[in-house]
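*Asks:* Right, I'll just put the structure down here and ask away after.
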Amino acid sequence: MGEEALNDAGAIYEVYELLKTERLISSAQLAGKSLFMGRHETELEWRLSQSKSSQDQPAYRTMSTVYDLNGEPVNATGVQPNRYFRELRRIRRKVASI
């Protein structure tokens with residue numbers, strides 16, 4: 001808060017937030033056995049997995065207003081509306097043989 005808002009005892013400081021969040025989680029697994037014929041029979045058990053997660057906030061907005069003791073809006077902080085963007089992505093792959 002700005003100095004003017006701190007000096008006004010009893011003033012009301014309001015913050016408004018508007019946001020949209022999109023989340024995605026997905027995973028896939030695959031397993032199997034492979035038999036290799038030849039001089040020595042060899043069997044291989046295997047597993048594959050993949051997981052993916054993401055979070056996207058295309059619009060996160062904040063706006064603040066200060067009201068004086070008479071209830072009149074005052075922009076004492078000098079803060080203009082803010083807008084933030086956030087995008088997170090994670091992909092994990094794992095291969096294992098048993």
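Every chain in the structure tokens has a letter given in the order shown (A, B, ...), and although residue numbers restart at 1 in each chain, ligands are simply numbered from 1 in the order shown.
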Which polymer residues have any atom within 12 Å of an atom of Ser54 (chain A), counting only C-alpha atoms, with same-chain residues fewer than 6 positions away left out, as JSON, numbers by chain?

*Replies:* {"A": [21, 22, 23, 24, 25, 26, 86, 87, 88, 89, 90, 91, 92]}

*Asks:* If we count only C-alpha atoms and set the cut-off at 9 Å, which residues sit around Ser97 (chain A), ignoring sequence neighbours fewer than 6 positions away in its own chain? Please answer as a short mmCIF file (atom, residue, chain, number, x, y, z; two decimals) with N, CA and C atoms, in the first residue's frame.

*Replies:*
data_model
loop_
_atom_site.label_atom_id
_atom_site.label_comp_id
_atom_site.auth_asym_id
_atom_site.auth_seq_id
_atom_site.Cartn_x
_atom_site.Cartn_y
_atom_site.Cartn_z
N LEU A 44 12.42 -60.87 -22.08
CA LEU A 44 12.56 -59.53 -21.54
C LEU A 44 11.17 -58.98 -21.23
N GLU A 45 10.96 -58.64 -19.98
CA GLU A 45 9.73 -57.95 -19.59
C GLU A 45 10.04 -56.46 -19.53
N TRP A 46 9.17 -55.66 -20.08
CA TRP A 46 9.43 -54.23 -20.14
C TRP A 46 8.18 -53.42 -19.82
N ARG A 47 8.43 -52.20 -19.41
CA ARG A 47 7.35 -51.26 -19.09
C ARG A 47 7.75 -49.87 -19.54
N LEU A 48 6.80 -49.17 -20.10
CA LEU A 48 6.98 -47.78 -20.50
C LEU A 48 5.87 -46.96 -19.85
#

*Asks:* I'd like to know which of A:Thr42, A:Lys52, A:Pro81, A:Ala31 is closest to Thr65 (chain A), using only C-alpha atoms.

*Replies:* A:Pro81

*Asks:* So, counting only C-alpha atoms, which residue among A:Val95, A:Glu43, A:Gly38, A:Tyr84 is closest to Arg61 (chain A)?

*Replies:*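 When distances to Arg61 (chain A) are compared using only C-alpha atoms, the smallest one comes from A:Tyr84.
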
*Asks:* Could you check which of A:Gln55, A:Ala11, A:Ser34, A:Ser27 is closest to Pro73 (chain A), using only C-alpha atoms?

*Replies:*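 Of A:Gln55, A:Ala11, A:Ser34, A:Ser27, the one nearest Pro73 (chain A) is A:Ala11, counting only C-alpha atoms.
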
*Asks:* Might you pull out every residue within 7 Å of Ser64 (chain A), with only C-alpha atoms counted and same-chain residues fewer than 5 positions away left off, and present them as a ChimeraX atom specification?

*Replies:* /A:14-16

*Asks:* What parts of region 26-69 of chain A does DSSP call strand (DSSP E)? I'd like the answer as a ChimeraX atom specification.

*Replies:* /A:26-36,42-67

*Asks:* Could you save the residues just selected, with C-alpha atoms, as a CSV table (one decimal), in the first residue's frame?

*Replies:*
chain,number,residue,atom,x,y,z
A,26,SER,CA,-2.6,-37.3,-18.3
A,27,SER,CA,-0.7,-40.5,-18.1
A,28,ALA,CA,-0.1,-43.6,-20.2
A,29,GLN,CA,1.4,-47.0,-19.4
A,30,LEU,CA,2.5,-49.9,-21.7
A,31,ALA,CA,3.9,-53.2,-20.6
A,32,GLY,CA,4.9,-56.4,-22.3
A,33,LYS,CA,7.2,-59.4,-22.7
A,34,SER,CA,9.5,-60.0,-25.6
A,35,LEU,CA,10.9,-63.5,-26.2
A,36,PHE,CA,14.1,-63.8,-28.3
A,42,THR,CA,16.0,-64.8,-23.7
A,43,GLU,CA,12.8,-63.2,-22.2
A,44,LEU,CA,12.6,-59.5,-21.5
A,45,GLU,CA,9.7,-57.9,-19.6
A,46,TRP,CA,9.4,-54.2,-20.1
A,47,ARG,CA,7.3,-51.3,-19.1
A,48,LEU,CA,7.0,-47.8,-20.5
A,49,SER,CA,5.2,-44.9,-18.9
A,50,GLN,CA,4.6,-41.2,-19.6
A,51,SER,CA,2.9,-38.6,-17.5
A,52,LYS,CA,2.1,-35.0,-18.5
A,53,SER,CA,0.8,-32.2,-16.4
A,54,SER,CA,0.3,-28.5,-17.2
A,55,GLN,CA,-1.2,-25.4,-15.7
A,56,ASP,CA,-2.1,-22.4,-17.7
A,57,GLN,CA,-3.3,-19.1,-16.4
A,58,PRO,CA,-4.0,-17.0,-19.5
A,59,ALA,CA,-5.3,-14.1,-17.5
A,60,TYR,CA,-4.8,-13.3,-13.8
A,61,ARG,CA,-5.8,-9.7,-13.1
A,62,THR,CA,-5.7,-7.6,-9.9
A,63,MET,CA,-7.2,-4.2,-9.2
A,64,SER,CA,-7.1,-2.3,-6.0
A,65,THR,CA,-9.2,0.6,-4.7
A,66,VAL,CA,-8.8,2.8,-1.6
A,67,TYR,CA,-11.8,4.6,-0.2

*Asks:* Compare A:Leu69, A:Ala96, A:Val74, A:Arg83 by their minimum atom-to-atom distance to Gly10 (chain A), counting only C-alpha atoms, and give me the closest one.

*Replies:*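 Of A:Leu69, A:Ala96, A:Val74, A:Arg83, the one nearest Gly10 (chain A) is A:Leu69, counting only C-alpha atoms.
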
*Asks:* Based on the backbone DSSP call, show me all residues of chain A assigned helix (DSSP H, G or I), as number ranges by chain.

*Replies:* A: 3-7

*Asks:* Could those residues be written to a file, using N, CA and C atoms, as a compact mmCIF listing (two decimals), in the first residue's frame?

*Replies:*
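What ended up in part_33.txt:
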# COMPACT_ATOMS: atom_id res chain seq x y z
N GLU A 3 2.00 5.25 0.88
CA GLU A 3 2.09 5.98 2.14
C GLU A 3 0.78 6.65 2.49
N GLU A 4 0.10 7.21 1.51
CA GLU A 4 -1.14 7.93 1.78
C GLU A 4 -2.20 6.99 2.36
N ALA A 5 -2.27 5.75 1.84
CA ALA A 5 -3.25 4.80 2.36
C ALA A 5 -2.91 4.40 3.78
N LEU A 6 -1.62 4.30 4.12
CA LEU A 6 -1.24 3.93 5.47
C LEU A 6 -1.53 5.05 6.46
N ASN A 7 -1.49 6.29 6.00
CA ASN A 7 -1.73 7.42 6.89
C ASN A 7 -3.20 7.67 7.16
